[in-house]
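Colleague: Provided herewith: my_file_26.cif, mmCIF, C-alpha atoms and all ligand atoms.
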```cif
data_coords
loop_
_atom_site.label_atom_id
_atom_site.label_comp_id
_atom_site.auth_asym_id
_atom_site.auth_seq_id
_atom_site.Cartn_x
_atom_site.Cartn_y
_atom_site.Cartn_z
CA MET A 1 0.00 0.00 0.00
CA ALA A 2 1.14 3.54 -0.74
CA ILE A 3 -0.61 6.89 -0.38
CA TRP A 4 -1.29 7.97 -3.94
CA GLY A 5 -2.50 11.49 -3.22
CA HIS A 6 -5.22 13.45 -1.45
CA THR A 7 -8.75 14.56 -2.30
CA ALA A 8 -9.72 18.25 -2.16
CA ASP A 9 -10.71 17.89 1.51
CA GLY A 10 -7.31 16.43 2.38
CA THR A 11 -8.31 12.75 2.67
CA ALA A 12 -5.36 10.46 1.95
CA VAL A 13 -6.02 7.99 -0.87
CA PRO A 14 -4.30 4.60 -0.82
CA ILE A 15 -3.22 2.67 -3.93
CA TYR A 16 -2.44 -1.05 -3.90
CA THR A 17 -0.40 -3.24 -6.22
CA LEU A 18 -1.40 -6.90 -6.60
CA SER A 19 0.91 -9.24 -8.43
CA ASP A 20 0.99 -12.95 -9.09
CA GLY A 21 3.17 -14.46 -11.77
CA GLU A 22 3.29 -12.12 -14.73
CA ILE A 23 0.10 -10.18 -14.10
CA GLU A 24 0.23 -6.95 -12.12
CA VAL A 25 -2.87 -5.01 -11.10
CA ARG A 26 -3.25 -1.66 -9.33
CA VAL A 27 -6.40 -0.53 -7.54
CA THR A 28 -7.11 2.61 -5.54
CA ALA A 29 -9.48 3.41 -2.69
CA PHE A 30 -10.79 6.41 -4.64
CA GLY A 31 -13.95 5.05 -6.26
CA ALA A 32 -12.44 1.55 -5.80
CA HIS A 33 -11.03 2.11 -9.29
CA LEU A 34 -9.07 -0.51 -11.20
CA VAL A 35 -6.12 1.67 -12.24
CA SER A 36 -3.98 -0.69 -14.31
CA VAL A 37 -3.52 -4.29 -15.46
CA LYS A 38 -0.17 -5.35 -16.92
CA ALA A 39 -0.28 -8.52 -18.98
CA PRO A 40 2.12 -10.26 -21.41
CA ASP A 41 1.56 -10.77 -25.14
CA ARG A 42 2.41 -14.02 -26.95
CA ALA A 43 6.11 -13.08 -26.96
CA GLY A 44 6.06 -12.21 -23.26
CA LYS A 45 6.09 -8.46 -23.88
CA MET A 46 4.21 -6.59 -21.15
CA ALA A 47 1.64 -3.87 -21.76
CA ASP A 48 -1.02 -2.16 -19.74
CA VAL A 49 -4.31 -3.52 -21.08
CA ALA A 50 -6.65 -1.34 -18.98
CA LEU A 51 -6.98 2.39 -19.62
CA GLY A 52 -6.07 4.60 -16.67
CA TYR A 53 -4.51 7.83 -15.50
CA ASP A 54 -1.03 8.39 -14.04
CA LYS A 55 -2.27 10.63 -11.27
CA LEU A 56 -5.09 10.61 -8.77
CA ASP A 57 -5.82 14.22 -9.76
CA THR A 58 -7.26 13.13 -13.13
CA TYR A 59 -9.66 10.70 -11.40
CA LEU A 60 -10.90 13.62 -9.27
CA ILE A 61 -12.08 15.60 -12.34
CA LYS A 62 -15.84 15.16 -12.78
CA PRO A 63 -17.64 14.20 -14.88
CA ASN A 64 -15.18 11.53 -15.95
CA PRO A 65 -15.89 8.60 -18.31
CA TYR A 66 -15.73 6.18 -15.33
CA ILE A 67 -12.34 4.78 -16.43
CA GLY A 68 -11.93 1.70 -14.18
CA ALA A 69 -14.51 2.85 -11.61
CA ILE A 70 -16.83 0.81 -9.47
CA VAL A 71 -20.21 2.27 -10.39
CA GLY A 72 -23.15 2.36 -7.98
CA ARG A 73 -25.46 2.44 -6.24
CA TYR A 74 -27.18 1.63 -9.52
CA GLY A 75 -24.79 1.05 -12.44
CA ASN A 76 -26.27 1.87 -15.87
CA ARG A 77 -29.47 3.84 -16.52
CA ILE A 78 -32.72 4.40 -14.62
CA ALA A 79 -35.37 6.00 -16.84
CA HIS A 80 -36.13 9.57 -15.72
CA GLY A 81 -34.18 8.68 -12.55
CA LYS A 82 -37.45 7.44 -11.11
CA PHE A 83 -38.69 4.16 -9.65
CA THR A 84 -41.29 2.91 -7.19
CA LEU A 85 -40.56 0.54 -4.35
CA ASP A 86 -43.24 -0.72 -1.94
CA GLY A 87 -45.62 1.99 -3.19
CA LYS A 88 -43.21 4.88 -2.69
CA THR A 89 -41.62 6.78 -5.59
CA TYR A 90 -37.96 7.74 -5.48
CA GLN A 91 -36.17 10.33 -7.61
CA ILE A 92 -32.47 10.08 -8.46
CA PRO A 93 -30.93 13.33 -9.78
CA LEU A 94 -30.57 13.17 -13.58
CA ASN A 95 -27.09 13.18 -15.11
CA ASP A 96 -27.60 11.64 -18.58
CA GLY A 97 -30.19 13.75 -20.41
CA GLN A 98 -33.53 12.70 -18.97
CA ASN A 99 -32.08 9.65 -17.17
CA ALA A 100 -29.93 8.81 -14.16
CA LEU A 101 -26.66 7.04 -15.07
CA HIS A 102 -24.31 5.08 -12.79
CA GLY A 103 -26.01 6.13 -9.57
CA GLY A 104 -26.53 9.82 -10.38
CA PRO A 105 -24.15 12.81 -10.38
CA LYS A 106 -22.29 11.71 -7.25
CA GLY A 107 -21.98 7.95 -7.53
CA PHE A 108 -19.80 5.44 -5.70
CA ASP A 109 -16.96 6.26 -8.11
CA GLN A 110 -16.45 9.59 -6.32
CA TYR A 111 -15.89 8.44 -2.74
CA VAL A 112 -12.79 7.33 -0.90
CA TRP A 113 -13.67 3.79 0.20
CA GLN A 114 -12.32 2.21 3.39
CA SER A 115 -9.68 -0.35 2.49
CA ARG A 116 -7.80 -3.27 3.97
CA GLU A 117 -5.48 -5.90 2.59
CA VAL A 118 -6.83 -9.46 2.37
CA PRO A 119 -5.04 -12.63 1.19
CA GLY A 120 -4.24 -12.08 -2.51
CA GLY A 121 -5.80 -8.66 -2.70
CA VAL A 122 -7.71 -5.74 -1.24
CA GLU A 123 -11.17 -5.21 0.16
CA PHE A 124 -12.95 -1.85 -0.20
CA THR A 125 -16.00 -0.86 1.84
CA LEU A 126 -18.38 2.05 1.32
CA VAL A 127 -21.36 2.94 3.50
CA SER A 128 -23.89 4.88 1.44
CA PRO A 129 -26.33 6.69 3.75
CA ASP A 130 -30.12 6.46 3.58
CA GLY A 131 -31.24 8.96 0.92
CA ASP A 132 -27.82 9.10 -0.83
CA MET A 133 -28.59 10.31 -4.40
CA GLY A 134 -32.24 9.68 -3.56
CA PHE A 135 -31.88 5.92 -2.91
CA PRO A 136 -33.56 4.49 0.19
CA GLY A 137 -31.70 2.61 2.93
CA THR A 138 -28.20 2.70 4.36
CA LEU A 139 -26.30 0.45 1.97
CA THR A 140 -23.00 -1.16 2.93
CA ALA A 141 -21.14 -2.21 -0.21
CA ILE A 142 -17.99 -4.34 -0.15
CA VAL A 143 -15.86 -4.83 -3.25
CA ARG A 144 -12.97 -7.26 -3.04
CA TYR A 145 -10.29 -7.47 -5.74
CA THR A 146 -8.07 -10.56 -5.64
CA LEU A 147 -5.51 -11.80 -8.12
CA GLN A 148 -4.71 -15.46 -8.57
CA GLY A 149 -2.40 -16.35 -11.44
CA LYS A 150 -3.88 -14.81 -14.57
CA THR A 151 -7.30 -14.22 -13.00
CA LEU A 152 -8.46 -10.99 -11.43
CA ARG A 153 -11.55 -11.69 -9.37
CA ILE A 154 -14.03 -9.07 -8.14
CA ASP A 155 -16.47 -10.06 -5.39
CA TYR A 156 -19.33 -7.74 -4.56
CA THR A 157 -21.34 -7.96 -1.32
CA ALA A 158 -24.02 -5.60 -0.05
CA THR A 159 -26.50 -5.25 2.78
CA THR A 160 -29.14 -2.62 3.56
CA ASP A 161 -31.29 -1.45 6.48
CA LYS A 162 -34.34 -0.60 4.27
CA PRO A 163 -35.54 -2.08 0.97
CA THR A 164 -33.52 -0.59 -1.88
CA VAL A 165 -32.26 -1.30 -5.40
CA LEU A 166 -28.67 -1.73 -6.50
CA ASN A 167 -26.55 -2.74 -9.47
CA LEU A 168 -22.80 -2.73 -8.82
CA THR A 169 -20.26 -3.24 -11.57
CA ASN A 170 -16.77 -2.34 -12.69
CA HIS A 171 -16.34 0.13 -15.55
CA ALA A 172 -12.80 -0.77 -16.72
CA TYR A 173 -11.94 -0.01 -20.35
CA PHE A 174 -9.73 -2.71 -21.84
CA ASN A 175 -7.52 -2.53 -24.91
CA LEU A 176 -5.60 -5.76 -25.47
CA HIS A 177 -3.12 -4.07 -27.80
CA GLY A 178 -1.97 -2.04 -24.79
CA ASP A 179 -3.35 1.28 -23.63
CA ASP A 180 -1.06 3.29 -25.94
CA GLN A 181 -1.59 1.22 -29.12
CA GLY A 182 -4.50 2.02 -31.44
CA ASP A 183 -8.15 1.23 -30.80
CA ILE A 184 -10.28 -1.86 -30.15
CA LEU A 185 -12.02 -2.12 -33.54
CA ASP A 186 -9.72 -4.86 -34.91
CA GLN A 187 -10.09 -7.02 -31.78
CA LYS A 188 -12.59 -9.87 -31.65
CA ILE A 189 -15.32 -10.51 -29.15
CA GLU A 190 -17.52 -13.46 -28.38
CA ILE A 191 -20.53 -12.95 -26.08
CA ASN A 192 -22.35 -15.92 -24.60
CA ALA A 193 -25.86 -14.57 -25.20
CA ASP A 194 -28.74 -15.45 -27.52
CA ARG A 195 -30.62 -12.27 -26.64
CA TYR A 196 -30.05 -8.63 -25.75
CA THR A 197 -32.17 -5.78 -24.40
CA PRO A 198 -32.90 -3.30 -27.25
CA VAL A 199 -33.10 0.36 -26.25
CA ASP A 200 -35.11 3.49 -27.03
CA ALA A 201 -33.54 6.74 -28.26
CA THR A 202 -32.27 7.54 -24.72
CA LEU A 203 -30.66 4.07 -24.29
CA ILE A 204 -33.36 2.79 -21.91
CA PRO A 205 -34.42 -0.84 -22.55
CA THR A 206 -37.79 -1.19 -24.24
CA GLY A 207 -38.42 -4.28 -22.08
CA GLU A 208 -38.05 -6.72 -24.95
CA LEU A 209 -35.48 -9.54 -24.84
CA ALA A 210 -34.71 -9.66 -28.55
CA PRO A 211 -32.80 -12.42 -30.37
CA VAL A 212 -29.32 -11.46 -31.50
CA ALA A 213 -29.67 -13.78 -34.52
CA ALA A 214 -29.38 -11.95 -37.86
CA THR A 215 -28.32 -8.68 -36.17
CA PRO A 216 -24.91 -7.01 -35.61
CA MET A 217 -25.39 -7.96 -31.92
CA ASP A 218 -24.75 -11.62 -32.71
CA PHE A 219 -21.42 -12.45 -31.10
CA ARG A 220 -22.18 -16.10 -30.41
CA LYS A 221 -19.12 -16.80 -32.51
CA PRO A 222 -16.05 -14.53 -32.27
CA GLU A 223 -16.46 -11.51 -34.55
CA THR A 224 -14.29 -8.47 -35.18
CA ILE A 225 -15.72 -5.54 -33.21
CA GLY A 226 -15.40 -3.07 -36.08
CA ALA A 227 -16.85 -5.38 -38.75
CA ARG A 228 -20.50 -4.38 -38.32
CA ILE A 229 -20.28 -1.38 -35.97
CA ASN A 230 -21.25 1.07 -38.74
CA ASP A 231 -24.06 -1.06 -40.18
CA ALA A 232 -27.32 0.69 -40.98
CA ASN A 233 -28.87 -0.59 -37.77
CA GLU A 234 -31.10 1.66 -35.72
CA GLN A 235 -29.77 0.38 -32.36
CA LEU A 236 -26.14 0.96 -33.34
CA LYS A 237 -26.99 4.44 -34.60
CA ARG A 238 -28.69 5.32 -31.29
CA ALA A 239 -25.65 4.30 -29.27
CA GLY A 240 -22.95 5.42 -31.72
CA GLY A 241 -21.61 1.85 -31.66
CA TYR A 242 -22.06 -0.96 -29.14
CA ASP A 243 -23.55 0.08 -25.82
CA PHE A 244 -26.09 -2.60 -24.98
CA ASN A 245 -26.89 -5.17 -22.36
CA TRP A 246 -26.67 -8.81 -23.48
CA VAL A 247 -28.84 -11.39 -21.68
CA LEU A 248 -26.29 -14.02 -20.73
CA ASN A 249 -26.93 -17.69 -21.32
CA GLY A 250 -26.17 -19.78 -18.26
CA GLU A 251 -27.64 -20.06 -14.85
CA ARG A 252 -27.95 -16.83 -12.92
CA GLY A 253 -26.18 -16.87 -9.55
CA THR A 254 -23.62 -19.47 -10.65
CA MET A 255 -20.45 -18.70 -12.59
CA HIS A 256 -20.94 -18.74 -16.35
CA GLN A 257 -18.95 -17.52 -19.30
CA ALA A 258 -19.88 -14.00 -20.37
CA ALA A 259 -17.40 -12.86 -23.03
CA ILE A 260 -14.02 -13.51 -24.59
CA VAL A 261 -12.02 -10.74 -26.24
CA SER A 262 -9.01 -11.63 -28.38
CA ASP A 263 -6.40 -9.52 -30.09
CA PRO A 264 -5.00 -11.10 -33.26
CA VAL A 265 -2.01 -8.73 -33.17
CA SER A 266 -0.63 -9.35 -29.66
CA GLY A 267 -2.25 -12.74 -29.05
CA ARG A 268 -3.69 -11.47 -25.76
CA THR A 269 -7.10 -12.76 -24.67
CA LEU A 270 -9.49 -11.68 -21.94
CA THR A 271 -12.12 -14.10 -20.65
CA VAL A 272 -14.94 -12.79 -18.48
CA GLU A 273 -17.03 -15.03 -16.25
CA THR A 274 -19.74 -13.87 -13.88
CA THR A 275 -22.68 -14.78 -11.68
CA GLU A 276 -24.61 -11.79 -13.11
CA PRO A 277 -27.49 -12.20 -15.60
CA GLY A 278 -26.24 -9.53 -18.04
CA ILE A 279 -23.25 -7.77 -19.51
CA GLN A 280 -23.03 -4.27 -20.97
CA PHE A 281 -20.60 -4.33 -23.87
CA TYR A 282 -19.70 -0.69 -24.51
CA SER A 283 -17.28 0.17 -27.32
CA GLY A 284 -16.13 3.51 -25.86
CA ASN A 285 -18.37 5.52 -28.19
CA PHE A 286 -18.52 8.61 -25.98
CA LEU A 287 -14.75 8.92 -25.47
CA ASP A 288 -14.03 12.23 -27.21
CA GLY A 289 -10.37 12.94 -26.55
CA SER A 290 -11.03 15.29 -23.64
CA PHE A 291 -9.19 13.01 -21.18
CA THR A 292 -5.53 12.07 -21.50
CA GLY A 293 -4.38 8.79 -20.00
CA ARG A 294 -1.02 7.23 -19.25
CA HIS A 295 1.76 7.79 -21.79
CA GLY A 296 0.03 11.06 -22.84
CA VAL A 297 -2.51 9.11 -24.87
CA LYS A 298 -5.78 10.88 -25.67
CA TYR A 299 -8.82 8.75 -24.95
CA THR A 300 -10.67 9.04 -28.24
CA LYS A 301 -13.64 7.06 -29.58
CA HIS A 302 -13.17 3.24 -29.37
CA LYS A 303 -9.87 3.54 -27.50
CA GLY A 304 -11.10 0.91 -25.03
CA LEU A 305 -14.07 -1.38 -24.44
CA CYS A 306 -16.06 -2.03 -21.28
CA LEU A 307 -17.52 -5.36 -20.20
CA GLU A 308 -19.80 -4.38 -17.34
CA THR A 309 -21.27 -7.52 -15.77
CA GLN A 310 -24.56 -6.45 -14.26
CA HIS A 311 -28.32 -6.73 -13.92
CA TYR A 312 -30.17 -5.24 -16.86
CA PRO A 313 -30.44 -1.44 -17.13
CA ASP A 314 -33.56 0.17 -15.66
CA SER A 315 -34.58 -3.07 -13.92
CA PRO A 316 -36.48 -1.21 -11.15
CA ASN A 317 -38.97 -0.17 -13.88
CA HIS A 318 -39.17 -3.61 -15.54
CA PRO A 319 -40.82 -6.13 -13.20
CA LYS A 320 -40.08 -8.94 -15.69
CA PHE A 321 -36.30 -8.37 -15.55
CA PRO A 322 -34.29 -10.17 -12.81
CA SER A 323 -34.85 -8.15 -9.65
CA THR A 324 -32.33 -5.62 -8.37
CA GLU A 325 -34.10 -5.21 -5.02
CA LEU A 326 -32.32 -5.86 -1.76
CA LYS A 327 -34.15 -6.16 1.54
CA PRO A 328 -32.90 -5.87 5.12
CA GLY A 329 -31.62 -9.25 6.31
CA GLN A 330 -30.56 -10.28 2.78
CA THR A 331 -27.00 -10.18 1.46
CA MET A 332 -26.29 -9.50 -2.20
CA HIS A 333 -23.32 -11.50 -3.51
CA SER A 334 -21.94 -11.34 -6.99
CA THR A 335 -18.64 -12.41 -8.57
CA THR A 336 -16.91 -11.57 -11.83
CA THR A 337 -13.53 -12.82 -13.03
CA PHE A 338 -11.28 -11.39 -15.74
CA THR A 339 -8.65 -13.85 -17.00
CA PHE A 340 -5.75 -12.52 -19.09
CA GLY A 341 -4.33 -15.19 -21.40
CA VAL A 342 -2.55 -15.56 -24.74
CA THR A 343 -3.05 -17.58 -27.89
CA LYS A 344 -0.33 -18.54 -30.35
C1 LIG B 401 -21.86 3.01 -19.70
C2 LIG B 401 -23.00 3.46 -20.49
C3 LIG B 401 -22.51 4.28 -21.61
C4 LIG B 401 -21.69 5.44 -21.11
C5 LIG B 401 -20.60 4.98 -20.26
C6 LIG B 401 -19.88 6.14 -19.61
O1 LIG B 401 -21.12 2.08 -20.37
O2 LIG B 401 -23.79 2.40 -20.98
O3 LIG B 401 -23.61 4.74 -22.33
O4 LIG B 401 -22.49 6.28 -20.38
O5 LIG B 401 -21.10 4.13 -19.27
O6 LIG B 401 -19.47 7.08 -20.51
#
```
Starting from the file, lay out its structure as structure tokens.
Modeller:
Amino acid sequence: MAIWGHTADGTAVPIYTLSDGEIEVRVTAFGAHLVSVKAPDRAGKMADVALGYDKLDTYLIKPNPYIGAIVGRYGNRIAHGKFTLDGKTYQIPLNDGQNALHGGPKGFDQYVWQSREVPGGVEFTLVSPDGDMGFPGTLTAIVRYTLQGKTLRIDYTATTDKPTVLNLTNHAYFNLHGDDQGDILDQKIEINADRYTPVDATLIPTGELAPVAATPMDFRKPETIGARINDANEQLKRAGGYDFNWVLNGERGTMHQAAIVSDPVSGRTLTVETTEPGIQFYSGNFLDGSFTGRHGVKYTKHKGLCLETQHYPDSPNHPKFPSTELKPGQTMHSTTTFTFGVTK
């Protein structure tokens, strides 16, 4: 552990380095961000495959494209920032046009979490008070990063003292070429999903679980990300690329394969497994060059891709979607693993 810097109010912010074998990961208590992941290519050459900033100061600038953040209390969108729970309506401040995104304007990405070292990693804890960003109930969220061999594991746990809703995920942007080498359009992705949740013009799910078959959302076999991204498809046009939730095949609550990204150039692969029912595959469409990452690299469109394992967006307003409610006495548990490999 080292102190990486201080927030505006003088709070010291720890940063931790996890290493096992060749993989090295850094995480910070500010927003429980994943700051960097160093992984070898097929020749053993190391590169940082997660976008990130050199200095804490850049993470403090808001709004920020959530580079590596833990997003909460509700990752992804809630339509009009509004939902009803046990007959009472709650309003989350809007920060994405007419919707609330990633927990509202001051989400979990903007707090210094408590931290402690655990075997193989770090555990971060945040207590979000009753009424925080309009959400009911005091929520205690625990995010544990551990590294074993080539696998970075993130365990999420949460409890509440009043019924609430939550959707915690990690918003890392990966680029298997290395964070200073080109964009993600020539990399391939496979997503273990027969269906996805189509969206309206404001990226809120319509409620339909639509087949991916015969659409550019079909990644049941590995496909190059850029191959169909500019197709004349209304969904792609709305999002400016990929920014959708796929309905994962596999039993919810048990570990199942979500996605595999592979880079034909470096040979690096990234395999994502999760207990979550969905994954948001976002192709970095809104990155506009206004943030500069490590090595002085401007984060422009498609510089990195996000694989946000999660419950479906706007679930509190879709009773047919898997529930995001948490009640007092219950514990929410969820696990996602990211495995960094190579192919010949
Ligand atoms: C998520 C959303 C995107 C975008 C990014 C942050 O991935 O789905 O639409 O808001 O977060 O820029």
Colleague: May I have the protein, DNA and RNA residues with any atom at most 7 Å from the point (-19.6, -2.5, -31.4), counting all atoms listed in the file, written as an mmCIF file with C-alpha atoms, keeping the file's coordinate frame?
Modeller:
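Written file, selection_24.cif:
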```cif
data_model
loop_
_atom_site.group_PDB
_atom_site.id
_atom_site.type_symbol
_atom_site.label_atom_id
_atom_site.label_comp_id
_atom_site.auth_asym_id
_atom_site.auth_seq_id
_atom_site.Cartn_x
_atom_site.Cartn_y
_atom_site.Cartn_z
ATOM 1 C CA ILE A 225 -15.720 -5.540 -33.210
ATOM 2 C CA GLY A 226 -15.400 -3.070 -36.080
ATOM 3 C CA ILE A 229 -20.280 -1.380 -35.970
ATOM 4 C CA GLY A 241 -21.610 1.850 -31.660
ATOM 5 C CA TYR A 242 -22.060 -0.960 -29.140
ATOM 6 C CA SER A 283 -17.280 0.170 -27.320
#
```
Colleague: Please list as a ChimeraX atom specification every residue within 9 Å of A:Gln98, counting all atoms listed in the file and excluding residues in the same chain fewer than 5 positions away.
Modeller: /A:79-81,202
Colleague: How would you report the residues lying within 6 Å of ligand LIG 401 (chain B), as an MDAnalysis selection string, if you count all atoms listed in the file?
Modeller: chainID A and resid 65:66 76 243 282 286
Colleague: Let me make sure I understand: among A:Asp218, A:Ile189, A:Ala227, A:Gly240, which one has the smallest atom-to-atom distance to A:Ala259 if we use only C-alpha atoms?
Modeller: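 Closest to A:Ala259 of all the choices is A:Ile189.
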Colleague: Rounded to one decimal in Å, what is the spacing between atom CA of A:Thr169 and atom CA of A:Ser19?
Modeller: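 Rounded to one decimal, the two atoms are 22.2 Å apart.
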Colleague: Rank A:Thr159, A:Asn245, A:Thr336, A:Asn317 by their smallest atom-to-atom distance to A:Met217, using only C-alpha atoms, and report the top residue only.
Modeller: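 Counting only C-alpha atoms, the residue closest to A:Met217 is A:Asn245.
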Colleague: Pick out the closest residue to A:His311 from this set: A:Ala239, A:Val342, A:Leu168, A:Ile15. Count only C-alpha atoms.
Modeller: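 Looking only at the distances to A:His311, the closest residue turns out to be A:Leu168.
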Colleague: Here is a test: counting all atoms listed in the file, which residue of A:Ile204, A:Ala100, A:Met332, A:Ala193 is nearest to A:Ile260?
Modeller: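 Smallest distance to A:Ile260 is found for A:Ala193.
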Colleague: So, with all atoms listed in the file as the atoms that count, which of A:Ser266, A:Glu190, A:Asn170, A:His318 lies closest to A:Glu208?
Modeller: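 Closest to A:Glu208, using all atoms listed in the file: A:His318.
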Colleague: What is the atom CA of A:Leu326-atom CA of A:Gly120 distance in Å, reported with one decimal?
Modeller: 28.8 Å
Colleague: I'd like to know which of A:Arg238, A:Lys88, A:His6, A:Lys162 is closest to A:Gly329, using only C-alpha atoms.
Modeller: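 The shortest atom-to-atom distance to A:Gly329 comes from A:Lys162.
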Colleague: At a cut-off of 6 Å, using all atoms listed in the file, what residues contact A:Tyr16? Leave out same-chain residues fewer than 2 positions from it and give the result as a list of chain:residue names.
Modeller: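 Returned residues: A:Met1, A:Arg26, A:Val27.
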Colleague: From (-17.8, 2.1, -17.7), in the file's coordinates, out to 6 Å: which residues are reached, counting all atoms listed in the file? Answer as a short mmCIF file (atom, residue, chain, number, x, y, z; two decimals) with C-alpha atoms, in the coordinates of the input.
Modeller:
```
data_model
loop_
_atom_site.label_atom_id
_atom_site.label_comp_id
_atom_site.auth_asym_id
_atom_site.auth_seq_id
_atom_site.Cartn_x
_atom_site.Cartn_y
_atom_site.Cartn_z
CA TYR A 66 -15.73 6.18 -15.33
CA HIS A 171 -16.34 0.13 -15.55
CA ALA A 172 -12.80 -0.77 -16.72
CA CYS A 306 -16.06 -2.03 -21.28
#
```
Colleague: Would you mind reading off the distance between atom CA of A:Gly253 and atom CA of A:Glu273, one decimal, in Å?
Modeller: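 Between atom CA of A:Gly253 and atom CA of A:Glu273 the gap works out to 11.5 Å.
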Colleague: Could you give me, as a tab-separated table (two decimals) with C-alpha atoms, in the frame of the given file, the residues within 12 Å of A:Thr28, counting all atoms listed in the file and dropping anything in the same chain fewer than 6 positions from it?
Modeller:
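Result written to selection-v9.tsv:
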```tsv
chain	number	residue	atom	x	y	z
A	1	MET	CA	0.00	0.00	0.00
A	2	ALA	CA	1.14	3.54	-0.74
A	3	ILE	CA	-0.61	6.89	-0.38
A	4	TRP	CA	-1.29	7.97	-3.94
A	5	GLY	CA	-2.50	11.49	-3.22
A	6	HIS	CA	-5.22	13.45	-1.45
A	12	ALA	CA	-5.36	10.46	1.95
A	13	VAL	CA	-6.02	7.99	-0.87
A	14	PRO	CA	-4.30	4.60	-0.82
A	15	ILE	CA	-3.22	2.67	-3.93
A	16	TYR	CA	-2.44	-1.05	-3.90
A	17	THR	CA	-0.40	-3.24	-6.22
A	18	LEU	CA	-1.40	-6.90	-6.60
A	34	LEU	CA	-9.07	-0.51	-11.20
A	35	VAL	CA	-6.12	1.67	-12.24
A	36	SER	CA	-3.98	-0.69	-14.31
A	52	GLY	CA	-6.07	4.60	-16.67
A	53	TYR	CA	-4.51	7.83	-15.50
A	54	ASP	CA	-1.03	8.39	-14.04
A	55	LYS	CA	-2.27	10.63	-11.27
A	56	LEU	CA	-5.09	10.61	-8.77
A	59	TYR	CA	-9.66	10.70	-11.40
A	68	GLY	CA	-11.93	1.70	-14.18
A	69	ALA	CA	-14.51	2.85	-11.61
A	70	ILE	CA	-16.83	0.81	-9.47
A	109	ASP	CA	-16.96	6.26	-8.11
A	110	GLN	CA	-16.45	9.59	-6.32
A	111	TYR	CA	-15.89	8.44	-2.74
A	112	VAL	CA	-12.79	7.33	-0.90
A	113	TRP	CA	-13.67	3.79	0.20
A	114	GLN	CA	-12.32	2.21	3.39
A	115	SER	CA	-9.68	-0.35	2.49
A	116	ARG	CA	-7.80	-3.27	3.97
A	117	GLU	CA	-5.48	-5.90	2.59
A	121	GLY	CA	-5.80	-8.66	-2.70
A	122	VAL	CA	-7.71	-5.74	-1.24
A	123	GLU	CA	-11.17	-5.21	0.16
A	124	PHE	CA	-12.95	-1.85	-0.20
A	143	VAL	CA	-15.86	-4.83	-3.25
A	144	ARG	CA	-12.97	-7.26	-3.04
A	145	TYR	CA	-10.29	-7.47	-5.74
```
Colleague: Using all atoms listed in the file, determine which residues lie at most 9 Å from A:Leu60, disregarding the query and same-chain residues fewer than 2 positions distant; provide the list as a ChimeraX atom specification.
Modeller: /A:7-8,30,56-58,62-64,110
Colleague: Can you tell me, as a PyMOL selection string, what residues are no more than 12 Å from A:Asp314 when counting only C-alpha atoms, ignoring any on the same chain fewer than 3 positions away?
Modeller: chain A and resi 74-84+99-103+165-167+197+199-200+202-207+245+310-311+317-325
